[in-house]
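*Asks:* Below you'll find work.cif; it's mmCIF, C-alpha atoms and all ligand atoms.
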data_input
#
loop_
_atom_site.label_atom_id
_atom_site.label_comp_id
_atom_site.auth_asym_id
_atom_site.auth_seq_id
_atom_site.Cartn_x
_atom_site.Cartn_y
_atom_site.Cartn_z
CA MET A 21 110.00 107.61 70.71
CA GLU A 22 107.11 105.35 69.76
CA SER A 23 103.79 106.11 71.41
CA TYR A 24 103.10 104.29 74.64
CA TYR A 25 99.55 103.92 73.45
CA THR A 26 100.41 102.64 69.99
CA GLU A 27 101.83 99.61 71.72
CA ASN A 28 98.71 99.47 73.81
CA THR A 29 95.87 99.24 71.29
CA ARG A 30 94.30 96.55 73.48
CA PHE A 31 92.70 99.57 75.12
CA TYR A 32 89.81 99.36 72.63
CA GLY A 33 89.18 95.63 73.16
CA ASN A 34 87.47 93.98 70.18
CA THR A 35 86.81 97.24 68.38
CA ASN A 36 88.70 100.37 67.34
CA PRO A 37 88.22 104.15 67.48
CA LYS A 38 86.70 104.37 64.00
CA ARG A 39 84.07 101.73 64.65
CA LEU A 40 83.30 103.26 68.03
CA LEU A 41 82.62 106.70 66.53
CA GLU A 42 80.54 105.18 63.73
CA LYS A 43 78.43 103.40 66.31
CA TYR A 44 78.13 106.03 69.05
CA GLY A 45 78.96 109.35 67.40
CA SER A 46 81.71 111.88 68.03
CA PRO A 47 83.06 113.05 70.46
CA LEU A 48 83.03 110.07 72.77
CA TYR A 49 84.49 109.09 76.14
CA VAL A 50 85.76 105.50 76.15
CA TYR A 51 86.72 103.67 79.35
CA ASN A 52 88.56 100.38 79.74
CA GLU A 53 87.29 98.22 82.61
CA ASN A 54 90.45 96.13 82.99
CA ILE A 55 92.63 99.22 83.44
CA LEU A 56 90.16 100.66 85.95
CA ARG A 57 90.23 97.47 88.02
CA GLU A 58 94.04 97.31 87.84
CA ARG A 59 94.37 100.85 89.22
CA CYS A 60 91.92 100.10 92.05
CA ARG A 61 93.93 97.02 93.02
CA GLU A 62 97.24 98.91 93.01
CA MET A 63 95.81 101.43 95.46
CA VAL A 64 94.20 98.81 97.73
CA LYS A 65 97.59 97.15 98.24
CA LEU A 66 99.53 100.41 98.62
CA VAL A 67 100.28 99.77 102.29
CA SER A 68 100.34 96.54 104.25
CA TYR A 69 98.96 97.96 107.55
CA PRO A 70 95.80 95.85 107.93
CA LYS A 71 93.27 98.58 108.77
CA PHE A 72 93.74 100.47 105.53
CA ARG A 73 91.03 101.63 103.17
CA VAL A 74 90.88 103.49 99.89
CA CYS A 75 88.18 106.11 99.44
CA TYR A 76 87.79 106.81 95.72
CA SER A 77 87.31 110.54 95.15
CA THR A 78 84.06 110.64 93.22
CA LYS A 79 84.62 114.10 91.74
CA ALA A 80 87.19 112.66 89.33
CA ASN A 81 84.51 110.68 87.51
CA SER A 82 81.02 110.01 88.85
CA ASN A 83 79.70 107.76 86.10
CA ILE A 84 77.51 105.31 88.03
CA HIS A 85 78.75 102.29 86.05
CA LEU A 86 82.36 103.09 86.88
CA LEU A 87 81.37 103.66 90.52
CA LYS A 88 79.83 100.17 90.58
CA ILE A 89 83.10 98.63 89.36
CA ILE A 90 85.10 100.63 91.90
CA HIS A 91 82.73 99.43 94.63
CA GLU A 92 83.12 95.83 93.46
CA GLU A 93 86.86 96.25 93.91
CA GLY A 94 86.22 96.97 97.57
CA LEU A 95 86.87 100.71 97.65
CA HIS A 96 84.98 103.18 99.78
CA ALA A 97 84.36 106.68 98.39
CA ASP A 98 84.56 110.32 99.30
CA ALA A 99 81.91 112.81 98.22
CA ILE A 100 82.05 116.59 97.96
CA SER A 101 78.30 117.18 97.60
CA PRO A 102 74.87 115.65 98.22
CA GLY A 103 74.73 114.97 94.47
CA GLU A 104 77.79 112.74 94.74
CA ILE A 105 76.34 110.97 97.80
CA PHE A 106 73.17 110.39 95.77
CA PHE A 107 75.15 108.82 92.90
CA LEU A 108 77.27 106.70 95.25
CA GLN A 109 74.16 105.27 96.87
CA LYS A 110 72.69 104.56 93.43
CA ALA A 111 75.89 102.65 92.64
CA GLY A 112 75.49 100.52 95.78
CA PHE A 113 77.81 102.20 98.29
CA LYS A 114 76.47 101.90 101.83
CA PRO A 115 76.37 105.03 104.02
CA GLN A 116 79.28 103.75 106.10
CA GLU A 117 81.32 103.42 102.89
CA ILE A 118 80.87 107.12 102.05
CA PHE A 119 82.83 110.00 103.54
CA TYR A 120 81.39 113.48 102.92
CA ILE A 121 84.33 115.92 102.77
CA SER A 122 82.28 119.08 102.89
CA ASN A 123 83.35 122.64 102.14
CA ASN A 124 81.20 125.70 102.95
CA VAL A 125 77.88 123.87 102.91
CA SER A 126 74.39 124.84 104.05
CA PRO A 127 72.65 123.25 107.07
CA GLN A 128 70.38 121.45 104.59
CA GLU A 129 73.36 119.81 102.92
CA MET A 130 74.71 118.67 106.28
CA GLU A 131 71.29 117.28 107.18
CA PHE A 132 71.22 115.34 103.90
CA ALA A 133 74.30 113.42 105.08
CA ILE A 134 73.27 113.17 108.75
CA GLU A 135 69.89 111.66 107.84
CA ARG A 136 71.62 109.03 105.73
CA GLY A 137 74.24 108.15 108.35
CA VAL A 138 77.14 109.39 106.22
CA THR A 139 80.17 110.67 108.17
CA ILE A 140 80.92 114.34 107.51
CA SER A 141 84.22 116.14 107.63
CA VAL A 142 84.00 119.90 108.21
CA ASP A 143 86.80 122.28 107.36
CA SER A 144 86.27 125.49 109.32
CA ILE A 145 85.32 126.60 112.81
CA SER A 146 82.08 128.11 111.43
CA GLN A 147 81.07 124.80 109.88
CA LEU A 148 81.96 122.82 113.01
CA LYS A 149 79.64 125.10 115.02
CA GLN A 150 76.90 124.68 112.41
CA TYR A 151 77.30 120.90 112.55
CA GLY A 152 77.27 120.88 116.36
CA ALA A 153 74.02 122.85 116.44
CA LEU A 154 72.41 120.47 113.94
CA ASN A 155 73.61 117.17 115.36
CA PRO A 156 74.57 117.52 119.06
CA GLY A 157 76.08 114.33 120.43
CA GLY A 158 76.95 113.22 116.87
CA LYS A 159 80.14 112.02 115.21
CA VAL A 160 82.25 114.29 113.04
CA ALA A 161 85.63 114.54 111.33
CA ILE A 162 87.69 117.65 110.68
CA ARG A 163 89.86 118.53 107.73
CA ILE A 164 93.26 119.87 108.74
CA ASN A 165 95.47 122.18 106.71
CA PRO A 166 98.89 120.72 107.45
CA GLY A 167 100.68 123.76 105.97
CA ILE A 168 102.21 121.77 103.09
CA GLY A 169 100.61 121.91 99.63
CA ALA A 170 101.36 120.23 96.30
CA GLY A 171 99.75 120.10 92.87
CA HIS A 172 100.09 120.49 89.12
CA SER A 173 98.64 124.02 89.12
CA GLU A 174 98.09 126.64 91.83
CA LYS A 175 94.35 126.09 91.23
CA VAL A 176 94.56 122.57 92.68
CA VAL A 177 96.90 123.10 95.64
CA THR A 178 94.60 122.65 98.63
CA ALA A 179 96.86 123.12 101.65
CA GLY A 180 99.50 125.64 102.70
CA ASN A 181 99.06 129.38 103.16
CA ASN A 182 96.93 130.22 100.12
CA THR A 183 93.83 128.09 100.21
CA LYS A 184 90.24 128.12 101.40
CA PHE A 185 90.51 124.52 102.65
CA GLY A 186 91.15 123.06 106.08
CA ILE A 187 91.53 124.13 109.69
CA TYR A 188 94.93 125.44 110.76
CA PRO A 189 96.50 123.38 113.56
CA ASP A 190 96.71 126.41 115.87
CA LEU A 191 92.89 126.39 116.04
CA ILE A 192 92.81 122.95 117.68
CA PRO A 193 92.09 124.33 121.20
CA GLN A 194 89.04 126.07 119.71
CA VAL A 195 88.01 122.85 117.93
CA LYS A 196 88.18 121.01 121.24
CA ARG A 197 86.00 123.63 122.95
CA ILE A 198 83.31 123.35 120.27
CA LEU A 199 83.40 119.54 120.34
CA LYS A 200 82.84 119.67 124.09
CA GLU A 201 80.12 122.32 123.88
CA HIS A 202 78.06 120.17 121.49
CA ASN A 203 79.11 116.83 122.96
CA LEU A 204 80.52 115.80 119.57
CA LYS A 205 82.79 112.83 119.08
CA LEU A 206 85.73 113.49 116.76
CA VAL A 207 86.00 110.21 114.84
CA GLY A 208 88.49 111.23 112.18
CA ILE A 209 90.92 113.77 110.86
CA ASN A 210 91.64 114.19 107.19
CA GLN A 211 93.71 116.31 104.86
CA HIS A 212 94.28 116.69 101.15
CA ILE A 213 97.37 118.64 100.13
CA GLY A 214 96.45 118.99 96.46
CA SER A 215 96.15 117.17 93.20
CA LEU A 216 98.97 115.46 91.32
CA PHE A 217 102.30 114.77 92.90
CA MET A 218 104.82 112.49 91.13
CA GLU A 219 107.34 112.17 94.00
CA PRO A 220 106.42 110.70 97.40
CA THR A 221 108.08 113.42 99.52
CA PRO A 222 105.37 116.11 99.93
CA TYR A 223 102.68 113.51 100.62
CA VAL A 224 104.80 111.65 103.17
CA GLU A 225 105.87 114.88 104.89
CA ALA A 226 102.24 116.02 105.13
CA ALA A 227 101.24 112.59 106.46
CA LYS A 228 103.87 112.93 109.22
CA THR A 229 102.48 116.35 110.10
CA LEU A 230 98.95 114.96 110.27
CA LEU A 231 100.13 112.18 112.58
CA SER A 232 101.70 114.69 114.93
CA ILE A 233 98.40 116.63 114.94
CA ALA A 234 96.50 113.37 115.58
CA GLU A 235 98.29 113.16 118.95
CA ASN A 236 95.95 115.90 120.19
CA PHE A 237 92.96 113.57 119.99
CA ASP A 238 92.31 110.33 121.84
CA GLU A 239 89.39 108.59 120.18
CA LEU A 240 90.10 108.80 116.48
CA GLU A 241 88.64 105.94 114.48
CA PHE A 242 90.39 106.96 111.27
CA ILE A 243 93.18 109.15 109.90
CA ASP A 244 92.98 110.15 106.25
CA PHE A 245 96.06 111.34 104.34
CA GLY A 246 94.13 112.52 101.24
CA GLY A 247 94.53 111.99 97.50
CA GLY A 248 96.66 113.61 94.80
CA PHE A 249 98.52 110.55 93.45
CA GLY A 250 99.78 111.58 90.03
CA ILE A 251 99.79 109.73 86.73
CA PRO A 252 102.28 110.27 83.89
CA TYR A 253 100.42 112.44 81.37
CA ARG A 254 103.52 112.67 79.12
CA LYS A 255 103.94 109.00 78.29
CA GLN A 256 104.90 109.83 74.70
CA GLU A 257 107.96 111.61 76.15
CA GLY A 258 108.73 108.67 78.40
CA GLU A 259 107.50 110.16 81.68
CA LYS A 260 107.95 107.75 84.58
CA ARG A 261 105.18 106.50 86.84
CA LEU A 262 104.81 107.51 90.48
CA ASP A 263 106.83 104.99 92.50
CA LEU A 264 103.98 103.43 94.49
CA LYS A 265 106.27 100.85 96.07
CA ALA A 266 108.53 103.52 97.57
CA LEU A 267 105.55 105.60 98.64
CA GLY A 268 103.78 102.61 100.22
CA GLU A 269 106.90 101.56 102.12
CA GLN A 270 107.36 105.04 103.54
CA LEU A 271 103.72 105.22 104.57
CA ASP A 272 103.93 101.79 106.20
CA GLU A 273 106.97 102.90 108.12
CA ILE A 274 105.41 106.06 109.55
CA ILE A 275 102.09 104.31 110.29
CA GLY A 276 103.91 101.40 111.95
CA SER A 277 106.05 103.55 114.22
CA TRP A 278 103.18 105.92 115.11
CA THR A 279 100.75 103.13 116.04
CA ALA A 280 103.42 101.23 118.01
CA LYS A 281 104.39 104.36 119.95
CA ARG A 282 100.80 105.35 120.72
CA GLY A 283 99.46 101.83 121.23
CA ILE A 284 96.32 102.63 119.22
CA TYR A 285 95.40 101.25 115.83
CA PRO A 286 92.95 103.46 113.93
CA THR A 287 91.98 102.90 110.31
CA PHE A 288 94.19 104.74 107.83
CA GLN A 289 92.68 105.90 104.58
CA ILE A 290 93.57 107.71 101.35
CA GLU A 291 91.44 109.53 98.77
CA PRO A 292 92.74 108.93 95.23
CA GLY A 293 90.64 110.20 92.35
CA ARG A 294 92.84 110.75 89.32
CA TYR A 295 95.01 107.67 89.91
CA ILE A 296 91.97 105.40 89.81
CA VAL A 297 90.26 106.70 86.68
CA ALA A 298 92.53 108.90 84.53
CA GLU A 299 94.29 106.19 82.57
CA CYS A 300 91.22 104.06 81.92
CA GLY A 301 89.71 106.87 79.81
CA VAL A 302 90.31 108.18 76.29
CA LEU A 303 88.37 111.01 74.68
CA LEU A 304 87.84 110.42 70.97
CA GLY A 305 87.03 113.21 68.54
CA THR A 306 86.97 113.97 64.82
CA VAL A 307 88.97 116.39 62.69
CA TYR A 308 86.77 118.67 60.55
CA ALA A 309 89.22 121.34 59.43
CA VAL A 310 92.94 121.84 58.92
CA LYS A 311 94.29 125.37 58.60
CA GLN A 312 97.86 126.60 58.19
CA GLY A 313 98.63 129.29 60.79
CA TYR A 314 101.83 131.39 60.93
CA ASN A 315 103.65 129.17 63.41
CA THR A 316 101.54 126.07 63.65
CA THR A 317 98.94 124.04 61.82
CA TYR A 318 95.50 124.36 63.38
CA VAL A 319 93.57 121.13 63.52
CA GLY A 320 89.89 121.90 64.09
CA THR A 321 87.91 119.25 65.93
CA ASP A 322 84.73 118.65 67.95
CA LEU A 323 86.87 118.53 71.12
CA GLY A 324 85.91 121.87 72.62
CA PHE A 325 86.64 122.79 76.21
CA ASN A 326 83.04 122.00 77.06
CA VAL A 327 84.09 118.35 76.63
CA LEU A 328 87.51 118.45 78.36
CA ILE A 329 88.39 121.66 80.16
CA ARG A 330 91.71 120.69 81.74
CA PRO A 331 94.01 122.11 79.01
CA ALA A 332 92.12 125.44 78.90
CA MET A 333 91.75 125.69 82.67
CA TYR A 334 95.14 124.53 83.95
CA ASN A 335 97.30 124.39 80.80
CA SER A 336 97.26 120.65 81.32
CA HIS A 337 98.95 118.27 78.92
CA HIS A 338 97.20 115.24 77.46
CA ASP A 339 99.04 113.08 74.95
CA VAL A 340 97.31 112.96 71.57
CA GLU A 341 97.08 109.87 69.42
CA VAL A 342 96.07 110.04 65.74
CA TYR A 343 94.11 107.22 64.08
CA ASP A 344 94.04 106.42 60.36
CA GLU A 345 91.02 105.56 58.21
CA ASN A 346 91.07 102.00 59.57
CA GLY A 347 91.04 103.21 63.16
CA GLN A 348 94.68 102.22 63.69
CA PRO A 349 97.17 104.51 65.51
CA VAL A 350 99.40 106.50 63.14
CA LYS A 351 103.07 106.20 63.99
CA LEU A 352 104.73 109.33 65.31
CA ASN A 353 107.52 109.50 62.70
CA GLU A 354 106.98 112.43 60.30
CA ARG A 355 105.85 115.14 62.64
CA GLN A 356 104.87 118.78 62.36
CA ASN A 357 103.99 121.59 64.75
CA THR A 358 100.27 121.21 65.37
CA THR A 359 97.70 122.91 67.58
CA VAL A 360 94.50 120.99 68.21
CA VAL A 361 91.49 123.23 68.80
CA GLY A 362 87.78 122.72 69.39
CA ASN A 363 84.52 124.23 68.17
CA ILE A 364 83.81 126.63 71.04
CA CYS A 365 83.59 130.36 70.45
CA GLU A 366 86.69 131.32 72.47
CA SER A 367 90.34 131.67 71.46
CA GLY A 368 91.35 129.71 74.54
CA ASP A 369 89.57 126.67 73.16
CA ILE A 370 92.80 124.72 72.70
CA ILE A 371 93.17 121.09 73.66
CA ALA A 372 96.82 120.60 72.63
CA LYS A 373 99.13 123.51 71.83
CA SER A 374 102.15 123.40 69.49
CA ARG A 375 102.64 119.65 69.53
CA LEU A 376 104.76 117.60 67.19
CA LEU A 377 102.13 115.32 65.65
CA PRO A 378 101.93 113.32 62.42
CA LYS A 379 100.34 115.12 59.46
CA ILE A 380 96.64 115.22 60.22
CA LYS A 381 93.84 115.48 57.66
CA GLU A 382 90.09 116.07 57.71
CA GLY A 383 88.27 112.93 58.78
CA ASN A 384 91.09 111.67 61.01
CA ILE A 385 90.18 110.60 64.50
CA LEU A 386 92.10 111.87 67.52
CA GLY A 387 92.44 110.22 70.90
CA ILE A 388 93.02 112.51 73.85
CA MET A 389 94.72 110.18 76.28
CA ASP A 390 94.38 109.78 80.06
CA ALA A 391 91.09 111.65 79.99
CA GLY A 392 89.15 109.52 82.47
CA ALA A 393 89.67 111.87 85.43
CA TYR A 394 88.14 115.36 85.54
CA GLY A 395 87.02 114.91 81.93
CA TYR A 396 83.31 114.19 81.74
CA SER A 397 82.88 115.27 85.38
CA MET A 398 83.95 118.82 84.45
CA ALA A 399 82.20 118.86 81.05
CA SER A 400 79.48 121.43 80.41
CA ASN A 401 76.83 122.51 77.94
CA TYR A 402 78.61 125.79 77.11
CA ASN A 403 77.55 127.11 73.68
CA ASN A 404 74.54 124.80 74.07
CA ARG A 405 76.73 121.90 73.10
CA LEU A 406 75.76 118.37 74.03
CA ARG A 407 77.93 116.43 76.43
CA PRO A 408 79.27 113.25 74.81
CA ALA A 409 78.23 109.66 75.33
CA GLU A 410 80.34 107.32 77.47
CA VAL A 411 81.24 103.78 76.43
CA LEU A 412 82.85 101.02 78.47
CA ILE A 413 85.15 98.43 76.96
CA ASP A 414 84.23 95.65 79.35
CA LYS A 415 86.54 92.95 80.67
CA ASN A 416 85.81 90.75 77.66
CA GLY A 417 86.69 93.54 75.25
CA ASN A 418 83.08 94.33 74.28
CA ASP A 419 81.88 97.92 73.95
CA VAL A 420 78.86 98.90 76.06
CA LEU A 421 77.08 102.26 76.05
CA ILE A 422 77.00 103.36 79.70
CA ARG A 423 75.66 106.90 79.21
CA ARG A 424 74.04 108.34 76.13
CA ARG A 425 74.91 111.67 74.59
CA ASP A 426 72.86 114.68 75.78
CA THR A 427 69.92 115.64 73.60
CA PHE A 428 68.33 119.00 72.80
CA ASP A 429 65.49 117.93 75.12
CA ASP A 430 68.02 117.55 77.96
CA LEU A 431 69.02 121.17 77.37
CA LEU A 432 65.38 122.22 77.66
CA SER A 433 64.49 119.99 80.60
CA THR A 434 65.00 122.55 83.38
CA PHE A 435 62.93 125.37 81.90
CA ASN A 436 59.42 126.43 82.93
CA PHE A 437 57.31 127.17 79.87
C1 LIG A 501 89.38 116.55 99.40
C2 LIG A 501 89.87 115.89 98.18
N1 LIG A 501 90.19 114.59 98.24
C3 LIG A 501 90.63 113.92 97.15
C4 LIG A 501 90.79 114.56 95.95
C5 LIG A 501 91.27 113.74 94.80
O1 LIG A 501 92.43 114.22 94.26
P1 LIG A 501 93.16 113.40 93.12
O2 LIG A 501 92.20 113.21 92.02
O3 LIG A 501 94.30 114.27 92.74
O4 LIG A 501 93.61 112.12 93.74
C6 LIG A 501 90.51 115.93 95.83
C7 LIG A 501 90.75 116.68 94.58
O5 LIG A 501 91.80 117.29 94.46
C8 LIG A 501 90.02 116.61 96.98
O6 LIG A 501 89.70 117.89 96.90
N1 LIG A 502 90.15 119.16 88.54
C1 LIG A 502 91.57 119.01 88.77
C2 LIG A 502 91.90 118.15 89.96
C3 LIG A 502 91.64 118.70 91.33
C4 LIG A 502 90.23 118.99 91.69
C5 LIG A 502 89.82 118.50 93.01
N2 LIG A 502 90.27 119.26 94.18
C6 LIG A 502 92.23 118.49 87.52
O1 LIG A 502 91.58 118.30 86.52
O2 LIG A 502 93.40 118.25 87.50
#
I need this file expressed as structure tokens, please.
Ligand SMILES: Cc1ncc(COP(=O)(O)O)c(C=O)c1O
Ligand SMILES: N[C@@H](CCCC[NH3+])C(=O)O
*Replies:*
Amino acid sequence: MESYYTENTRFYGNTNPKRLLEKYGSPLYVYNENILRERCREMVKLVSYPKFRVCYSTKANSNIHLLKIIHEEGLHADAISPGEIFFLQKAGFKPQEIFYISNNVSPQEMEFAIERGVTISVDSISQLKQYGALNPGGKVAIRINPGIGAGHSEKVVTAGNNTKFGIYPDLIPQVKRILKEHNLKLVGINQHIGSLFMEPTPYVEAAKTLLSIAENFDELEFIDFGGGFGIPYRKQEGEKRLDLKALGEQLDEIIGSWTAKRGIYPTFQIEPGRYIVAECGVLLGTVYAVKQGYNTTYVGTDLGFNVLIRPAMYNSHHDVEVYDENGQPVKLNERQNTTVVGNICESGDIIAKSRLLPKIKEGNILGIMDAGAYGYSMASNYNNRLRPAEVLIDKNGNDVLIRRRDTFDDLLSTFNF
């Protein structure tokens, strides 16, 4: 089948991968503003219940320029750390638009949010007690483990029996005692079952469970079903999109019947990260070596796992597109078994294993597709490598540098000499 992306070269606006690498260097993260805005809008209209809000999950990509666009589209945001709260505020999010979903944090980190007026969710009895002691009479949310998990790898399943996250429902009497002891108001309950589901069922089932748990509390201002909305990473094989219409209709139905039965109308919210940013991002890199192995051809690039760790960490698949000397996508007709590797000193430094790709030569450019989520945000300086620059193809198709590449001075900047 022809590449989804080959038909979609509009991604690069008025330029192309070759010109982008000539101008900004390799490797390079490239984001498309129109796609980002489209994904935000799809999520905002997911359900028709009027008090519905979308909290973008900042961990997926915390580039301040992308955060500004997401804010312009009317999304709120969730944060997992004071550093993310700091970035969100820099991007213009107001404290009441930020939800701090904390996990095992120090009193100082809780104070950081309390001082700024950011609502915190805690996810253990210990942390609820710590919060109560710090902010008696305050508002708080709790993260529930609904007992149902889902995700693309066991490392990203965040509910069920094998996870550090969330409070089990049988601890609710204890939660109530602590709330009373510290005169806390429980304003919200939230959950997140895990990252990347492609069928509505686990999410909807977990949402129903959360609604039954919500019946234990009278004054909830919001109920948060979490993120995890998947994107099709295997577009070249024709993978289908998550059916948002079906998912939205099911959510509307359970929200509608729950609110009608209870006669209360809290805000409902979701926390998508990947769905918002994955498909607006491509990671470009350059081929420097081609080597015939026993079973596969190794294509050696500057795309080490310091730049994109998902394949090495979770065995994740990203489609690969090959560009010719004019920066145009090479058609996927004559294909050979190819393994794309990086420049990091580890054998696990593989970005695409045993793929059928067109014949690749030194100097070719590769596009690692759907790399906007958990790409740069999980990048590192391992091997003292420099994290790449980030470029935005803006809504008029122009390329804009939104973050420069690291420098050697950046690597030195934290040392005392
Ligand atoms: C609490 C919480 N909310 C939201 C998300 C976003 O998940 P995703 O990017 O799969 O939508 C995550 C990450 O898995 C998370 O841990
Ligand atoms: N980092 C994961 C997503 C989940 C992380 C957040 N709980 C990934 O790249 O797929």
*Asks:* So that I can check the surroundings of A:Lys110, please list as a VMD selection string every protein, DNA and RNA residue that reaches within 10 Å of it, counting all atoms listed in the file and ignoring chain neighbours fewer than 4 positions away.
*Replies:* chain A and resid 84 to 85 87 to 88 104 to 106 114
*Asks:* Residues contacting ligand LIG 502 (chain A) - anything with an atom at most 10 Å away, using only C-alpha atoms and all ligand atoms - can you give me those as a count of residues only?
*Replies:* 39
*Asks:* So that I can check the surroundings of A:Thr317, please list as a ChimeraX atom specification every protein, DNA and RNA residue that reaches within 10 Å of it, counting only C-alpha atoms and ignoring chain neighbours fewer than 4 positions away.
*Replies:* /A:310-313,356-360,374-375,379-380
*Asks:* What is the atom CA of A:Thr35 to atom CA of A:Thr427 distance in Å?
*Replies:* 25.5 Å
*Asks:* Compile the contact shell of A:Ile162 as a list in words: residues with an atom at most 7 Å away, counting only C-alpha atoms, same-chain residues fewer than 6 positions apart removed.
*Replies:*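 Once the nearby chain positions are removed, what remains is Ser141, Val142, Asp143, Gly208, Ile209 and Asn210 of chain A.
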*Asks:* When you draw a straight line from atom C4 of ligand LIG 501 (chain A) to atom CA of A:Thr229, how long is it in Å?
*Replies:*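 Between atom C4 of ligand LIG 501 (chain A) and atom CA of A:Thr229 the gap works out to 18.4 Å.
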*Asks:* Would you work out the distance separating atom CA of A:Glu201 from atom CA of A:Asp244, expressed in Å to one decimal?
*Replies:*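 If I compute the distance from atom CA of A:Glu201 to atom CA of A:Asp244, I get 25.0 Å.
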*Asks:* Counting only C-alpha atoms, figure out which residue out of A:Lys260, A:His337, A:Lys255, A:Arg282 gets nearest to A:Asn236.
*Replies:* A:Arg282
